[in-house]
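For reference, upload_0.txt is printed below; it contains compact mmCIF, C-alpha atoms and all ligand atoms.
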```txt
# COMPACT_ATOMS: atom_id res chain seq x y z
CA MET A 1061 19.05 24.61 58.04
CA GLY A 1062 18.89 27.87 56.14
CA SER A 1063 19.74 30.57 58.73
CA LYS A 1064 22.82 30.82 60.99
CA VAL A 1065 22.35 29.04 64.30
CA ASP A 1066 24.29 29.61 67.53
CA SER A 1067 26.67 26.62 67.77
CA GLU A 1068 25.93 26.39 71.53
CA ARG A 1069 22.49 25.10 70.61
CA LEU A 1070 23.76 22.17 68.56
CA TYR A 1071 24.07 18.62 69.86
CA PHE A 1072 26.09 16.38 67.50
CA THR A 1073 25.86 12.59 67.43
CA GLU A 1074 28.97 10.55 66.85
CA ARG A 1075 29.59 10.03 63.14
CA GLN A 1076 27.22 7.40 61.75
CA THR A 1077 27.83 5.51 58.51
CA VAL A 1078 25.01 4.59 56.12
CA GLN A 1079 25.82 2.34 53.16
CA LEU A 1080 23.47 2.83 50.21
CA ASP A 1081 23.53 0.44 47.29
CA SER A 1082 21.72 1.16 44.06
CA PHE A 1083 18.61 -0.95 43.49
CA ASP A 1084 16.51 -1.93 40.49
CA CYS A 1085 13.38 0.08 39.93
CA GLU A 1086 11.06 -0.48 37.00
CA SER A 1087 9.54 3.00 37.09
CA TRP A 1088 9.74 6.35 38.89
CA VAL A 1089 10.86 6.43 42.52
CA LEU A 1090 9.16 9.12 44.60
CA ASP A 1091 11.64 10.65 47.08
CA ILE A 1092 9.95 12.50 49.93
CA GLY A 1093 11.94 15.51 51.16
CA GLY A 1094 14.44 15.10 48.36
CA GLY A 1095 16.08 18.50 48.85
CA GLY A 1096 19.18 18.87 51.03
CA GLU A 1097 21.85 16.53 49.70
CA GLY A 1098 19.31 14.85 47.41
CA VAL A 1099 20.92 11.54 48.29
CA ILE A 1100 18.35 9.30 46.59
CA GLY A 1101 18.63 11.46 43.45
CA GLN A 1102 22.41 11.09 43.60
CA LEU A 1103 21.96 7.32 43.92
CA LEU A 1104 19.28 6.68 41.27
CA GLY A 1105 19.47 9.77 39.03
CA ASP A 1106 16.72 10.29 36.47
CA LYS A 1107 14.56 7.52 37.92
CA VAL A 1108 13.71 9.83 40.82
CA ILE A 1109 10.95 12.39 41.36
CA ALA A 1110 12.18 14.45 44.32
CA ILE A 1111 9.56 16.46 46.16
CA ASP A 1112 10.18 19.05 48.85
CA PRO A 1113 8.09 22.01 50.03
CA LEU A 1114 11.19 24.24 50.01
CA LYS A 1115 12.18 25.30 46.52
CA THR A 1116 15.60 26.43 47.76
CA GLU A 1117 16.34 22.96 49.20
CA LEU A 1118 15.67 21.46 45.76
CA GLU A 1119 17.61 24.17 43.92
CA GLU A 1120 20.66 23.85 46.18
CA SER A 1121 20.78 20.06 46.11
CA PRO A 1122 23.84 18.60 44.32
CA ASP A 1123 21.54 16.05 42.67
CA THR A 1124 21.10 17.28 39.10
CA LYS A 1125 19.32 14.40 37.41
CA SER A 1126 16.05 13.84 39.26
CA LEU A 1127 12.82 15.60 38.40
CA LYS A 1128 12.37 18.11 41.22
CA ILE A 1129 8.91 19.33 42.20
CA VAL A 1130 7.92 21.73 44.98
CA MET A 1131 5.34 19.73 46.91
CA ASP A 1132 4.41 18.96 50.51
CA ALA A 1133 4.20 15.31 51.56
CA ARG A 1134 1.15 16.12 53.69
CA GLU A 1135 -0.76 16.62 50.46
CA LEU A 1136 0.79 14.74 47.56
CA LYS A 1137 -0.48 15.79 44.13
CA PHE A 1138 -0.28 12.32 42.63
CA LEU A 1139 -3.13 9.95 41.90
CA ASP A 1140 -3.72 6.87 44.04
CA ASP A 1141 -1.59 3.77 43.32
CA ALA A 1142 0.98 5.75 41.30
CA PHE A 1143 4.39 4.43 42.50
CA ASN A 1144 6.12 1.10 43.03
CA THR A 1145 8.67 2.71 45.34
CA VAL A 1146 8.66 5.67 47.72
CA THR A 1147 11.83 6.65 49.60
CA CYS A 1148 12.25 8.84 52.64
CA PHE A 1149 15.89 9.48 53.48
CA PHE A 1150 16.28 11.31 56.82
CA THR A 1151 13.15 13.36 56.10
CA MET A 1152 10.71 12.07 58.72
CA MET A 1153 12.89 13.62 61.46
CA TYR A 1154 12.01 17.00 59.91
CA ILE A 1155 8.26 16.40 59.91
CA SER A 1156 6.41 17.45 63.06
CA SER A 1157 4.79 14.82 65.28
CA ALA A 1158 1.39 16.25 64.40
CA ASP A 1159 1.98 15.70 60.67
CA LYS A 1160 3.75 12.32 60.56
CA GLN A 1161 0.55 10.21 60.44
CA LYS A 1162 -0.84 12.28 57.57
CA VAL A 1163 2.41 11.82 55.62
CA PHE A 1164 2.27 8.04 56.09
CA GLN A 1165 -1.36 8.03 54.91
CA GLU A 1166 -0.39 9.98 51.81
CA ILE A 1167 2.52 7.62 51.08
CA TYR A 1168 0.17 4.64 51.46
CA ARG A 1169 -2.32 6.26 49.08
CA VAL A 1170 0.19 6.86 46.26
CA LEU A 1171 1.85 3.43 46.54
CA LYS A 1172 0.64 0.71 44.21
CA PRO A 1173 -0.53 -2.55 45.80
CA ASP A 1174 2.68 -4.40 46.84
CA GLY A 1175 4.60 -1.13 46.42
CA GLU A 1176 7.33 -0.36 48.97
CA LEU A 1177 8.33 2.51 51.23
CA LEU A 1178 12.04 2.51 52.05
CA MET A 1179 12.90 4.80 54.93
CA TRP A 1180 16.12 5.71 56.67
CA ASP A 1181 16.11 7.84 59.78
CA ALA A 1182 17.72 8.45 63.17
CA LYS A 1183 17.02 7.48 66.74
CA ILE A 1184 16.67 10.69 68.72
CA PRO A 1185 16.50 10.44 72.51
CA PRO A 1186 14.16 12.73 74.47
CA CYS A 1187 15.73 16.18 74.88
CA GLN A 1188 17.02 16.73 78.40
CA ASN A 1189 19.15 19.79 77.85
CA ALA A 1190 17.33 23.07 77.24
CA GLN A 1191 20.53 24.73 75.94
CA LYS A 1192 21.00 22.15 73.20
CA ASP A 1193 17.75 22.29 71.28
CA ILE A 1194 18.97 21.22 67.84
CA TYR A 1195 19.89 17.59 67.29
CA VAL A 1196 22.39 16.99 64.50
CA VAL A 1197 22.92 13.52 63.09
CA SER A 1198 26.49 13.42 61.76
CA LEU A 1199 26.58 11.11 58.78
CA VAL A 1200 28.88 9.53 56.28
CA ILE A 1201 26.75 8.24 53.41
CA GLN A 1202 28.61 5.72 51.31
CA LEU A 1203 27.26 5.38 47.77
CA GLU A 1204 28.86 2.99 45.29
CA GLN A 1205 30.90 5.74 43.61
CA LYS A 1206 30.82 8.53 46.18
CA ARG A 1207 31.15 9.36 49.86
CA ILE A 1208 28.95 12.15 51.25
CA GLU A 1209 29.72 13.72 54.63
CA THR A 1210 26.87 15.72 56.08
CA GLY A 1211 24.87 16.59 59.17
CA TYR A 1212 21.08 16.61 59.40
CA GLY A 1213 19.88 18.95 62.14
CA THR A 1214 16.36 19.23 63.48
CA ARG A 1215 14.60 20.86 66.44
CA TRP A 1216 15.16 18.65 69.50
CA THR A 1217 11.90 18.34 71.39
CA GLY A 1218 10.87 16.51 74.54
CA LYS A 1219 9.76 13.30 72.90
CA GLY A 1220 12.51 12.02 70.64
CA GLN A 1221 11.90 9.20 68.15
CA ASP A 1222 12.92 5.62 67.45
CA ILE A 1223 12.25 2.77 65.02
CA ASP A 1224 9.20 1.58 66.98
CA LEU A 1225 7.47 4.93 66.53
CA TYR A 1226 7.78 4.66 62.74
CA ILE A 1227 6.76 1.00 62.64
CA GLN A 1228 3.62 1.96 64.55
CA LEU A 1229 2.91 4.92 62.23
CA GLY A 1230 3.44 2.82 59.10
CA GLU A 1231 1.29 -0.03 60.36
CA SER A 1232 -1.51 2.35 61.38
CA ALA A 1233 -1.49 3.64 57.79
CA GLY A 1234 -1.89 0.05 56.50
CA LEU A 1235 1.75 -0.78 55.63
CA HIS A 1236 3.53 -4.00 56.63
CA VAL A 1237 7.14 -4.18 57.79
CA ILE A 1238 9.12 -6.62 55.66
CA GLU A 1239 12.64 -5.64 56.75
CA LYS A 1240 14.18 -3.58 59.52
CA GLN A 1241 17.73 -2.80 60.53
CA GLU A 1242 19.23 -0.74 63.34
CA GLU A 1243 22.83 0.40 63.16
CA GLY A 1244 24.25 2.79 65.76
CA GLU A 1245 21.95 5.80 65.92
CA THR A 1246 20.30 5.17 62.55
CA PHE A 1247 17.72 2.71 61.26
CA PHE A 1248 16.19 1.44 58.05
CA ILE A 1249 12.65 0.10 57.51
CA ARG A 1250 11.22 -1.48 54.35
CA PHE A 1251 7.43 -1.39 54.35
CA ARG A 1252 5.11 -3.02 51.82
CA LYS A 1253 1.55 -1.95 50.96
C1 LIG A 1301 17.51 18.39 54.94
S1 LIG A 1301 16.66 17.15 54.07
C2 LIG A 1301 17.43 15.74 54.65
C3 LIG A 1301 17.54 14.57 53.81
C4 LIG A 1301 17.36 14.62 52.31
N1 LIG A 1301 16.40 13.59 51.95
C5 LIG A 1301 18.70 14.37 51.61
O1 LIG A 1301 18.78 13.49 50.74
O2 LIG A 1301 19.67 15.05 51.95
C6 LIG A 1301 15.03 16.99 54.74
C7 LIG A 1301 14.06 17.66 53.86
O3 LIG A 1301 12.73 17.37 54.30
C8 LIG A 1301 11.95 18.42 53.83
N2 LIG A 1301 10.62 18.40 54.42
C9 LIG A 1301 10.21 18.92 55.60
N3 LIG A 1301 8.88 18.83 55.72
C10 LIG A 1301 8.43 18.21 54.59
C11 LIG A 1301 7.15 17.85 54.10
N4 LIG A 1301 6.05 18.11 54.82
N5 LIG A 1301 7.06 17.26 52.90
C12 LIG A 1301 8.18 16.98 52.17
N6 LIG A 1301 9.41 17.31 52.58
C13 LIG A 1301 9.54 17.92 53.78
C14 LIG A 1301 12.77 19.64 54.21
O4 LIG A 1301 12.36 20.79 53.48
C15 LIG A 1301 14.17 19.18 53.86
O5 LIG A 1301 14.60 19.60 52.60
```
Here is a file; write its structure as structure tokens.
Amino acid sequence: MGSKVDSERLYFTERQTVQLDSFDCESWVLDIGGGGEGVIGQLLGDKVIAIDPLKTELEESPDTKSLKIVMDARELKFLDDAFNTVTCFFTMMYISSADKQKVFQEIYRVLKPDGELLMWDAKIPPCQNAQKDIYVVSLVIQLEQKRIETGYGTRWTGKGQDIDLYIQLGESAGLHVIEKQEEGETFFIRFRK
């Protein structure tokens, strides 16, 4: 989050650990919301096209090897069937409920047939405390060569989110779940087009 926030408003989860292993990719990987820590860029380097609507998030990211483009996932500027792999690492929690379906439709459109969406995100319970309106997922991200400690904070609204919400959104866009994992307060879903 760019501006200073009153710490009284922050709710922190217990520290969650996400293990990320490098994977083979024949061509470009499109990373949605690849600003922030730029974790997928740090993992896969120059195989990644990282898009984010906030130029500053891309500029400040420690990932130096990916191709960074200012772009909004609600309207991707790529042709249909362009990518074998799309990643979304703790980005969906930043996208409003009203926009999530559109983003899944766009991801579906740019994936090649049999292409995959890999997404990691957090379970967020419904907000029941008006004073704490920012939900921060405390994370340790373990890459093969590096450990990243960070917190991803987002507005905490009434509804919350869980793995079932995203399975439903992905399936409504035409994707099929081929793998899912839940670990503590985080989850991973592998979808195929
Ligand atoms: C803080 S980052 C968190 C995770 C990030 N993937 C990483 O590796 O650290 C989430 C990013 O999602 C971006 N984002 C929000 N709405 C978006 C949208 N509509 N399209 C693409 N990215 C979006 C935010 O600008 C932010 O940089």
Write out as a short mmCIF file (atom, residue, chain, number, x, y, z; two decimals) with C-alpha atoms, keeping the file's coordinate frame which residues come within 12 Å of A:Lys1192 when counting all atoms listed in the file, dropping same-chain ones fewer than 6 positions away.
```cif
data_model
loop_
_atom_site.label_atom_id
_atom_site.label_comp_id
_atom_site.auth_asym_id
_atom_site.auth_seq_id
_atom_site.Cartn_x
_atom_site.Cartn_y
_atom_site.Cartn_z
CA VAL A 1065 22.35 29.04 64.30
CA ASP A 1066 24.29 29.61 67.53
CA SER A 1067 26.67 26.62 67.77
CA GLU A 1068 25.93 26.39 71.53
CA ARG A 1069 22.49 25.10 70.61
CA LEU A 1070 23.76 22.17 68.56
CA TYR A 1071 24.07 18.62 69.86
CA PHE A 1072 26.09 16.38 67.50
CA PRO A 1186 14.16 12.73 74.47
CA GLY A 1213 19.88 18.95 62.14
CA THR A 1214 16.36 19.23 63.48
CA ARG A 1215 14.60 20.86 66.44
CA TRP A 1216 15.16 18.65 69.50
CA THR A 1217 11.90 18.34 71.39
CA GLY A 1218 10.87 16.51 74.54
#
```
Subject >> Env. residues ligand LIG 1301 (chain A) / 8 Å / all atoms listed in the file / as a count of residues only >> reply: 36
Original post:
Suppose you want the space between atom CA of A:Ile1167 and atom CA of A:Gln1205; what is it in Å?
Top reply: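 Interatomic distance, atom CA of A:Ile1167 to atom CA of A:Gln1205: 29.4 Å.
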Sorted by chain and rising residue number, list the residues of stretch 1126-1203 of chain A at most 9 Å from stretch 1226-1231 of chain A (counting all atoms listed in the file), each with its closest atom pair and distance in Å to one decimal, as a tab-separated table.
```
residue	atom	partner	partner_atom	distance
A:Met1152	CA	A:Tyr1226	CA	8.9
A:Lys1160	CA	A:Leu1229	CA	7.6
A:Gln1161	CA	A:Leu1229	CA	6.1
A:Phe1164	CA	A:Gly1230	CA	6.1
A:Gln1165	CA	A:Gly1230	CA	8.2
A:Tyr1168	CA	A:Gly1230	CA	8.5
```
Subject >> Neighbours of point (14.4, -5.0, 61.2) within 12 Å, using only C-alpha atoms, written as a VMD selection string >> reply: chain A and resid 1179 to 1180 1223 to 1224 1226 to 1227 1236 to 1243 1246 to 1251
Original post:
Could you list as a PyMOL selection string every residue that has an atom within 12 Å of (8.2, 0.1, 35.3), using the file's coordinates and counting all atoms listed in the file?
Top reply: chain A and resi 1084-1089+1107+1142-1145+1172+1175
Selection above as a file: C-alpha atoms, as a compact mmCIF listing (two decimals), in the coordinates of the input:
```txt
# COMPACT_ATOMS: atom_id res chain seq x y z
CA ASP A 1084 16.51 -1.93 40.49
CA CYS A 1085 13.38 0.08 39.93
CA GLU A 1086 11.06 -0.48 37.00
CA SER A 1087 9.54 3.00 37.09
CA TRP A 1088 9.74 6.35 38.89
CA VAL A 1089 10.86 6.43 42.52
CA LYS A 1107 14.56 7.52 37.92
CA ALA A 1142 0.98 5.75 41.30
CA PHE A 1143 4.39 4.43 42.50
CA ASN A 1144 6.12 1.10 43.03
CA THR A 1145 8.67 2.71 45.34
CA LYS A 1172 0.64 0.71 44.21
CA GLY A 1175 4.60 -1.13 46.42
```
Original post:
With all atoms listed in the file as the basis for distance, which of A:Lys1064, A:Lys1128, A:Lys1137, A:Arg1075 is at the shortest distance from A:Thr1210?
Top reply: A:Arg1075
Original post:
Between A:Ala1158, A:Ile1109, A:Val1170, A:Ala1190, which one has atoms that come closest to A:Leu1127, using all atoms listed in the file?
Top reply: A:Ile1109
**OP:** Could you tell me how far atom CA of A:Asp1222 lies from atom CA of A:Thr1073, in Å and to one decimal?
**Re:**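 A separation of 14.7 Å between them.
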Subject >> Pick from A:Glu1135, A:Ser1126, A:Glu1245, A:Thr1077, whichever lies nearest to A:Ala1182 using only C-alpha atoms >> reply: A:Glu1245
**OP:** Grab the atom CA of A:Lys1219 to atom CA of A:Asn1189 distance for me, in Å with one decimal place.
**Re:** 12.4 Å
**OP:** Measuring atom to atom with all atoms listed in the file, identify which of A:Glu1166, A:Val1108, A:Leu1203, A:Gln1221 is nearest to A:Leu1080.
**Re:**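 Smallest separation from A:Leu1080 among the options: A:Leu1203.
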**OP:** Select, from A:Pro1173, A:Pro1122, A:Gly1220, A:Gly1211, the residue with the minimum atom-to-atom distance to A:Cys1187, counting all atoms listed in the file.
**Re:** A:Gly1220
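When all atoms listed in the file are used to compute distances to A:Leu1235, the closest of the residues A:Glu1176, A:Glu1119, A:Asp1081, A:Glu1074 turns out to be A:Glu1176.
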Could you rebuild stretch 1139-1161 of chain A with N, CA and C atoms and give it back as a PDB file, keeping the file's coordinate frame?
```
ATOM      1  N   LEU A1139      -1.951  10.807  41.792  1.00  0.00           N
ATOM      2  CA  LEU A1139      -3.130   9.950  41.900  1.00  0.00           C
ATOM      3  C   LEU A1139      -2.839   8.764  42.821  1.00  0.00           C
ATOM      4  N   ASP A1140      -3.878   8.080  43.224  1.00  0.00           N
ATOM      5  CA  ASP A1140      -3.720   6.870  44.040  1.00  0.00           C
ATOM      6  C   ASP A1140      -2.947   5.813  43.234  1.00  0.00           C
ATOM      7  N   ASP A1141      -2.246   4.938  43.930  1.00  0.00           N
ATOM      8  CA  ASP A1141      -1.590   3.770  43.320  1.00  0.00           C
ATOM      9  C   ASP A1141      -0.642   4.175  42.177  1.00  0.00           C
ATOM     10  N   ALA A1142       0.158   5.204  42.386  1.00  0.00           N
ATOM     11  CA  ALA A1142       0.980   5.750  41.300  1.00  0.00           C
ATOM     12  C   ALA A1142       2.408   5.181  41.272  1.00  0.00           C
ATOM     13  N   PHE A1143       2.959   4.774  42.429  1.00  0.00           N
ATOM     14  CA  PHE A1143       4.390   4.430  42.500  1.00  0.00           C
ATOM     15  C   PHE A1143       4.639   3.022  43.030  1.00  0.00           C
ATOM     16  N   ASN A1144       5.655   2.374  42.458  1.00  0.00           N
ATOM     17  CA  ASN A1144       6.120   1.100  43.030  1.00  0.00           C
ATOM     18  C   ASN A1144       6.985   1.341  44.265  1.00  0.00           C
ATOM     19  N   THR A1145       7.707   2.460  44.248  1.00  0.00           N
ATOM     20  CA  THR A1145       8.670   2.710  45.340  1.00  0.00           C
ATOM     21  C   THR A1145       8.600   4.168  45.790  1.00  0.00           C
ATOM     22  N   VAL A1146       8.523   4.341  47.101  1.00  0.00           N
ATOM     23  CA  VAL A1146       8.660   5.670  47.720  1.00  0.00           C
ATOM     24  C   VAL A1146       9.851   5.585  48.670  1.00  0.00           C
ATOM     25  N   THR A1147      10.702   6.615  48.659  1.00  0.00           N
ATOM     26  CA  THR A1147      11.830   6.650  49.600  1.00  0.00           C
ATOM     27  C   THR A1147      11.697   7.879  50.496  1.00  0.00           C
ATOM     28  N   CYS A1148      12.291   7.747  51.653  1.00  0.00           N
ATOM     29  CA  CYS A1148      12.250   8.840  52.640  1.00  0.00           C
ATOM     30  C   CYS A1148      13.569   8.774  53.391  1.00  0.00           C
ATOM     31  N   PHE A1149      14.536   9.572  52.944  1.00  0.00           N
ATOM     32  CA  PHE A1149      15.890   9.480  53.480  1.00  0.00           C
ATOM     33  C   PHE A1149      16.128  10.625  54.465  1.00  0.00           C
ATOM     34  N   PHE A1150      16.094  10.316  55.753  1.00  0.00           N
ATOM     35  CA  PHE A1150      16.280  11.310  56.820  1.00  0.00           C
ATOM     36  C   PHE A1150      15.391  12.544  56.615  1.00  0.00           C
ATOM     37  N   THR A1151      14.130  12.282  56.243  1.00  0.00           N
ATOM     38  CA  THR A1151      13.150  13.360  56.100  1.00  0.00           C
ATOM     39  C   THR A1151      12.133  13.337  57.226  1.00  0.00           C
ATOM     40  N   MET A1152      11.748  12.145  57.684  1.00  0.00           N
ATOM     41  CA  MET A1152      10.710  12.070  58.720  1.00  0.00           C
ATOM     42  C   MET A1152      11.124  12.838  59.979  1.00  0.00           C
ATOM     43  N   MET A1153      12.436  12.889  60.257  1.00  0.00           N
ATOM     44  CA  MET A1153      12.890  13.620  61.460  1.00  0.00           C
ATOM     45  C   MET A1153      12.613  15.117  61.339  1.00  0.00           C
ATOM     46  N   TYR A1154      12.324  15.580  60.118  1.00  0.00           N
ATOM     47  CA  TYR A1154      12.010  17.000  59.910  1.00  0.00           C
ATOM     48  C   TYR A1154      10.510  17.275  59.939  1.00  0.00           C
ATOM     49  N   ILE A1155       9.720  16.224  59.969  1.00  0.00           N
ATOM     50  CA  ILE A1155       8.260  16.400  59.910  1.00  0.00           C
ATOM     51  C   ILE A1155       7.705  16.361  61.325  1.00  0.00           C
ATOM     52  N   SER A1156       6.864  17.329  61.665  1.00  0.00           N
ATOM     53  CA  SER A1156       6.410  17.450  63.060  1.00  0.00           C
ATOM     54  C   SER A1156       5.591  16.236  63.467  1.00  0.00           C
ATOM     55  N   SER A1157       5.550  15.970  64.761  1.00  0.00           N
ATOM     56  CA  SER A1157       4.790  14.820  65.280  1.00  0.00           C
ATOM     57  C   SER A1157       3.353  14.880  64.813  1.00  0.00           C
ATOM     58  N   ALA A1158       2.796  16.086  64.777  1.00  0.00           N
ATOM     59  CA  ALA A1158       1.390  16.250  64.400  1.00  0.00           C
ATOM     60  C   ALA A1158       1.139  15.863  62.951  1.00  0.00           C
ATOM     61  N   ASP A1159       2.169  15.933  62.107  1.00  0.00           N
ATOM     62  CA  ASP A1159       1.980  15.700  60.670  1.00  0.00           C
ATOM     63  C   ASP A1159       2.426  14.307  60.193  1.00  0.00           C
ATOM     64  N   LYS A1160       3.149  13.580  61.032  1.00  0.00           N
ATOM     65  CA  LYS A1160       3.750  12.320  60.560  1.00  0.00           C
ATOM     66  C   LYS A1160       2.676  11.334  60.081  1.00  0.00           C
ATOM     67  N   GLN A1161       1.570  11.187  60.825  1.00  0.00           N
ATOM     68  CA  GLN A1161       0.550  10.210  60.440  1.00  0.00           C
ATOM     69  C   GLN A1161      -0.027  10.546  59.064  1.00  0.00           C
TER      70      GLN A1161
END
```
